[in-house]
file entry.tsv (TSV, C-alpha atoms)
chain	number	residue	atom	x	y	z
A	1	ARG	CA	0.00	0.00	0.00
A	2	GLN	CA	2.72	2.39	0.78
A	3	ARG	CA	4.39	1.91	-2.54
A	4	LEU	CA	1.21	2.72	-4.31
A	5	LEU	CA	0.72	5.81	-2.22
A	6	SER	CA	4.27	6.92	-2.76
A	7	PHE	CA	3.89	6.42	-6.52
A	8	LEU	CA	0.64	8.31	-6.60
A	9	SER	CA	1.89	11.12	-4.53
A	10	SER	CA	4.66	11.56	-7.12
A	11	GLU	CA	7.26	11.90	-4.60
A	12	GLN	CA	10.51	11.16	-6.23
A	13	THR	CA	12.83	9.11	-4.24
A	14	GLY	CA	16.09	7.61	-5.17
A	15	GLU	CA	14.58	4.17	-5.39
A	16	TYR	CA	12.70	4.76	-8.66
A	17	ALA	CA	14.63	4.22	-11.91
A	18	PRO	CA	12.90	5.21	-15.15
A	19	ALA	CA	12.50	2.34	-17.63
A	20	SER	CA	11.37	4.38	-20.59
A	21	GLY	CA	14.18	3.10	-22.80
A	22	GLU	CA	13.03	-0.44	-22.25
A	23	ILE	CA	9.41	0.52	-22.91
A	24	MET	CA	10.43	2.34	-26.07
A	25	GLY	CA	12.28	-0.76	-27.24
A	26	ILE	CA	9.21	-2.89	-26.63
A	27	LEU	CA	7.00	-0.35	-28.41
A	28	LYS	CA	9.44	-0.18	-31.36
A	29	GLN	CA	9.51	-3.96	-31.59
A	30	MET	CA	5.69	-4.04	-31.48
A	31	LYS	CA	5.57	-1.38	-34.18
A	32	ASP	CA	7.99	-3.33	-36.39
A	33	GLU	CA	6.02	-6.54	-35.88
A	34	MET	CA	2.75	-4.77	-36.65
A	35	ALA	CA	4.23	-3.13	-39.74
A	36	GLN	CA	5.49	-6.52	-40.95
A	37	ASP	CA	2.12	-8.14	-40.16
A	38	ASN	CA	0.35	-5.33	-42.02
A	39	LYS	CA	2.72	-5.74	-44.98
A	40	ASP	CA	2.07	-9.52	-45.00
A	41	MET	CA	-1.70	-9.02	-44.78
A	42	VAL	CA	-1.64	-6.46	-47.61
A	43	ALA	CA	0.40	-8.88	-49.76
A	44	THR	CA	-1.98	-11.73	-48.90
A	45	GLU	CA	-4.97	-9.51	-49.69
A	46	GLU	CA	-3.46	-8.44	-53.02
A	47	SER	CA	-2.74	-12.07	-53.88
A	48	ALA	CA	-6.29	-13.06	-52.92
A	49	LYS	CA	-7.70	-10.14	-54.95
A	50	GLN	CA	-5.65	-11.16	-57.99
A	51	ALA	CA	-6.78	-14.79	-57.61
A	52	TYR	CA	-10.38	-13.59	-57.28
A	53	ASP	CA	-10.08	-11.41	-60.39
A	54	GLU	CA	-8.61	-14.34	-62.35
A	55	LEU	CA	-11.36	-16.64	-61.10
A	56	MET	CA	-14.05	-14.11	-62.04
A	57	GLN	CA	-12.54	-13.72	-65.52
A	58	ALA	CA	-12.44	-17.50	-65.95
A	59	LYS	CA	-16.06	-17.78	-64.78
A	60	LYS	CA	-17.14	-15.01	-67.16
A	61	ASN	CA	-15.40	-16.82	-70.03
A	62	GLU	CA	-17.01	-20.07	-68.98
A	63	ALA	CA	-20.43	-18.39	-68.75
A	64	ARG	CA	-19.97	-16.94	-72.26
A	65	ALA	CA	-18.97	-20.35	-73.62
A	66	LEU	CA	-21.93	-22.03	-71.93
A	67	ALA	CA	-24.33	-19.37	-73.19
A	68	LYS	CA	-22.97	-19.89	-76.71
A	69	ALA	CA	-23.40	-23.66	-76.34
A	70	ILE	CA	-26.97	-23.17	-75.12
A	71	MET	CA	-27.77	-20.96	-78.10
A	72	GLU	CA	-26.26	-23.50	-80.50
A	73	LYS	CA	-28.26	-26.29	-78.91
A	74	LEU	CA	-31.45	-24.23	-79.04
A	75	ASP	CA	-30.81	-23.52	-82.74
A	76	ARG	CA	-30.14	-27.20	-83.36
A	77	ARG	CA	-33.28	-28.13	-81.43
A	78	GLY	CA	-35.31	-25.78	-83.61
A	79	ASP	CA	-33.76	-27.25	-86.76
A	80	ILE	CA	-34.53	-30.76	-85.55
A	81	LYS	CA	-38.15	-29.82	-84.82
A	82	VAL	CA	-38.45	-28.47	-88.37
A	83	GLU	CA	-36.91	-31.65	-89.76
A	84	ILE	CA	-39.29	-33.78	-87.69
A	85	ALA	CA	-42.28	-31.79	-88.95
A	86	GLU	CA	-41.08	-32.18	-92.55
A	87	MET	CA	-40.51	-35.90	-92.04
A	88	LYS	CA	-44.02	-36.32	-90.58
A	89	GLU	CA	-45.46	-34.48	-93.56
A	90	ASP	CA	-43.40	-36.64	-95.95
A	91	HIS	CA	-44.59	-39.74	-94.10
A	92	GLU	CA	-48.22	-38.68	-94.44
A	93	ASP	CA	-47.72	-38.00	-98.15
A	94	THR	CA	-46.06	-41.38	-98.57
A	95	VAL	CA	-48.92	-43.14	-96.78
A	96	ARG	CA	-51.43	-41.38	-99.06
A	97	ARG	CA	-49.42	-42.29	-102.17
A	98	LEU	CA	-49.14	-45.89	-100.97
A	99	ALA	CA	-52.92	-46.09	-100.56
A	100	LYS	CA	-53.40	-44.68	-104.06
A	101	ASP	CA	-50.79	-47.08	-105.47
A	102	LYS	CA	-52.56	-50.03	-103.82
A	103	GLU	CA	-55.86	-48.90	-105.36
A	104	PHE	CA	-54.09	-48.62	-108.72
A	105	GLN	CA	-52.62	-52.10	-108.24
A	106	VAL	CA	-56.05	-53.59	-107.51
A	107	GLY	CA	-57.43	-51.84	-110.62
A	108	MET	CA	-54.50	-53.09	-112.70
A	109	LYS	CA	-55.00	-56.67	-111.49
A	110	LYS	CA	-58.68	-56.51	-112.50
A	111	ASN	CA	-57.77	-54.90	-115.81
A	112	CYS	CA	-55.05	-57.47	-116.45
A	113	ALA	CA	-57.43	-60.33	-115.62
A	114	THR	CA	-59.99	-58.88	-118.03
A	115	LYS	CA	-57.37	-58.36	-120.75
A	116	GLU	CA	-56.05	-61.88	-120.20
A	117	GLN	CA	-59.56	-63.29	-120.59
A	118	VAL	CA	-60.12	-61.27	-123.78
A	119	TYR	CA	-56.72	-62.41	-125.09
A	120	GLU	CA	-57.57	-66.07	-124.42
A	121	GLU	CA	-60.90	-65.65	-126.20
A	122	GLU	CA	-59.23	-63.98	-129.19
A	123	LYS	CA	-56.55	-66.68	-129.22
A	124	ASN	CA	-59.22	-69.41	-129.29
A	125	MET	CA	-61.09	-67.55	-132.03
A	126	ARG	CA	-57.96	-67.26	-134.13
A	127	ALA	CA	-57.24	-70.93	-133.58
A	128	GLN	CA	-60.76	-71.76	-134.75
A	129	GLU	CA	-60.38	-69.43	-137.75
A	130	VAL	CA	-57.06	-71.04	-138.66
A	131	THR	CA	-58.63	-74.47	-138.35
A	132	ALA	CA	-61.60	-73.37	-140.48
A	133	LEU	CA	-59.27	-71.88	-143.11
A	134	ALA	CA	-57.21	-75.06	-143.12
A	135	GLU	CA	-60.33	-77.15	-143.65
A	136	THR	CA	-61.53	-74.81	-146.37
A	137	ILE	CA	-58.20	-75.01	-148.17
A	138	LYS	CA	-58.26	-78.76	-147.77
A	139	MET	CA	-61.72	-78.92	-149.26
A	140	LEU	CA	-60.76	-76.63	-152.09
A	141	ASN	CA	-57.66	-78.64	-152.82
A	142	SER	CA	-59.52	-81.91	-152.74
A	143	ASP	CA	-60.73	-83.54	-155.93
A	144	ASP	CA	-64.31	-83.35	-154.83
A	145	ALA	CA	-64.33	-79.62	-155.08
A	146	LEU	CA	-63.97	-79.66	-158.86

call {"tool": "encode", "arguments": {"input": "entry.tsv", "output": "structure tokens"}}
result
Amino acid sequence: RQRLLSFLSSEQTGEYAPASGEIMGILKQMKDEMAQDNKDMVATEESAKQAYDELMQAKKNEARALAKAIMEKLDRRGDIKVEIAEMKEDHEDTVRRLAKDKEFQVGMKKNCATKEQVYEEEKNMRAQEVTALAETIKMLNSDDAL
């Protein structure tokens, strides 16, 4: 208690030795350490900022590339939809033409059957005519005809 009172009363006695040089040394060392820490933090922050800027640039480039790919795929999708619509239309036309061709085929089969029947009849008639002509020539060539 007495020491505290003597210190507070600012009575200078021969027992007190100022230690300001030591305190100044400690403060200087703290200042140097803080300056170095600040310098390290600024360098770390600059490095982090540069890494962030590079990352952001890479992400922007990636986003541009992906947007371009999306647009290309959307264009391709539209082209494919058009092709599908054209193919469906072609398919429908082909189905209609096939139905018409089948009708034509049925008609041709009937027509061919009719023509074949007519041909057979004409062939038989010609055969009969040839036979009749042969008999007539035979009769005319025979001695009885004179």

call {"tool": "atom_distance", "arguments": {"input": "entry.tsv", "atom1": "CA of Asn124 in chain A", "atom2": "CA of Lys110 in chain A"}}
result
21.2 Å

call {"tool": "atom_distance", "arguments": {"input": "entry.tsv", "atom1": "CA of Ile80 in chain A", "atom2": "CA of Asn61 in chain A"}}
result
28.3 Å

call {"tool": "atom_distance", "arguments": {"input": "entry.tsv", "atom1": "CA of Ala127 in chain A", "atom2": "CA of Asn141 in chain A"}}
result
20.7 Å

call {"tool": "decode", "arguments": {"input": "entry.tsv", "residues": "range 55-120 of chain A", "atoms": "C-alpha atoms", "output": "tab-separated table (two decimals), in the first residue's frame"}}
result
chain	number	residue	atom	x	y	z
A	55	LEU	CA	-11.36	-16.64	-61.10
A	56	MET	CA	-14.05	-14.11	-62.04
A	57	GLN	CA	-12.54	-13.72	-65.52
A	58	ALA	CA	-12.44	-17.50	-65.95
A	59	LYS	CA	-16.06	-17.78	-64.78
A	60	LYS	CA	-17.14	-15.01	-67.16
A	61	ASN	CA	-15.40	-16.82	-70.03
A	62	GLU	CA	-17.01	-20.07	-68.98
A	63	ALA	CA	-20.43	-18.39	-68.75
A	64	ARG	CA	-19.97	-16.94	-72.26
A	65	ALA	CA	-18.97	-20.35	-73.62
A	66	LEU	CA	-21.93	-22.03	-71.93
A	67	ALA	CA	-24.33	-19.37	-73.19
A	68	LYS	CA	-22.97	-19.89	-76.71
A	69	ALA	CA	-23.40	-23.66	-76.34
A	70	ILE	CA	-26.97	-23.17	-75.12
A	71	MET	CA	-27.77	-20.96	-78.10
A	72	GLU	CA	-26.26	-23.50	-80.50
A	73	LYS	CA	-28.26	-26.29	-78.91
A	74	LEU	CA	-31.45	-24.23	-79.04
A	75	ASP	CA	-30.81	-23.52	-82.74
A	76	ARG	CA	-30.14	-27.20	-83.36
A	77	ARG	CA	-33.28	-28.13	-81.43
A	78	GLY	CA	-35.31	-25.78	-83.61
A	79	ASP	CA	-33.76	-27.25	-86.76
A	80	ILE	CA	-34.53	-30.76	-85.55
A	81	LYS	CA	-38.15	-29.82	-84.82
A	82	VAL	CA	-38.45	-28.47	-88.37
A	83	GLU	CA	-36.91	-31.65	-89.76
A	84	ILE	CA	-39.29	-33.78	-87.69
A	85	ALA	CA	-42.28	-31.79	-88.95
A	86	GLU	CA	-41.08	-32.18	-92.55
A	87	MET	CA	-40.51	-35.90	-92.04
A	88	LYS	CA	-44.02	-36.32	-90.58
A	89	GLU	CA	-45.46	-34.48	-93.56
A	90	ASP	CA	-43.40	-36.64	-95.95
A	91	HIS	CA	-44.59	-39.74	-94.10
A	92	GLU	CA	-48.22	-38.68	-94.44
A	93	ASP	CA	-47.72	-38.00	-98.15
A	94	THR	CA	-46.06	-41.38	-98.57
A	95	VAL	CA	-48.92	-43.14	-96.78
A	96	ARG	CA	-51.43	-41.38	-99.06
A	97	ARG	CA	-49.42	-42.29	-102.17
A	98	LEU	CA	-49.14	-45.89	-100.97
A	99	ALA	CA	-52.92	-46.09	-100.56
A	100	LYS	CA	-53.40	-44.68	-104.06
A	101	ASP	CA	-50.79	-47.08	-105.47
A	102	LYS	CA	-52.56	-50.03	-103.82
A	103	GLU	CA	-55.86	-48.90	-105.36
A	104	PHE	CA	-54.09	-48.62	-108.72
A	105	GLN	CA	-52.62	-52.10	-108.24
A	106	VAL	CA	-56.05	-53.59	-107.51
A	107	GLY	CA	-57.43	-51.84	-110.62
A	108	MET	CA	-54.50	-53.09	-112.70
A	109	LYS	CA	-55.00	-56.67	-111.49
A	110	LYS	CA	-58.68	-56.51	-112.50
A	111	ASN	CA	-57.77	-54.90	-115.81
A	112	CYS	CA	-55.05	-57.47	-116.45
A	113	ALA	CA	-57.43	-60.33	-115.62
A	114	THR	CA	-59.99	-58.88	-118.03
A	115	LYS	CA	-57.37	-58.36	-120.75
A	116	GLU	CA	-56.05	-61.88	-120.20
A	117	GLN	CA	-59.56	-63.29	-120.59
A	118	VAL	CA	-60.12	-61.27	-123.78
A	119	TYR	CA	-56.72	-62.41	-125.09
A	120	GLU	CA	-57.57	-66.07	-124.42
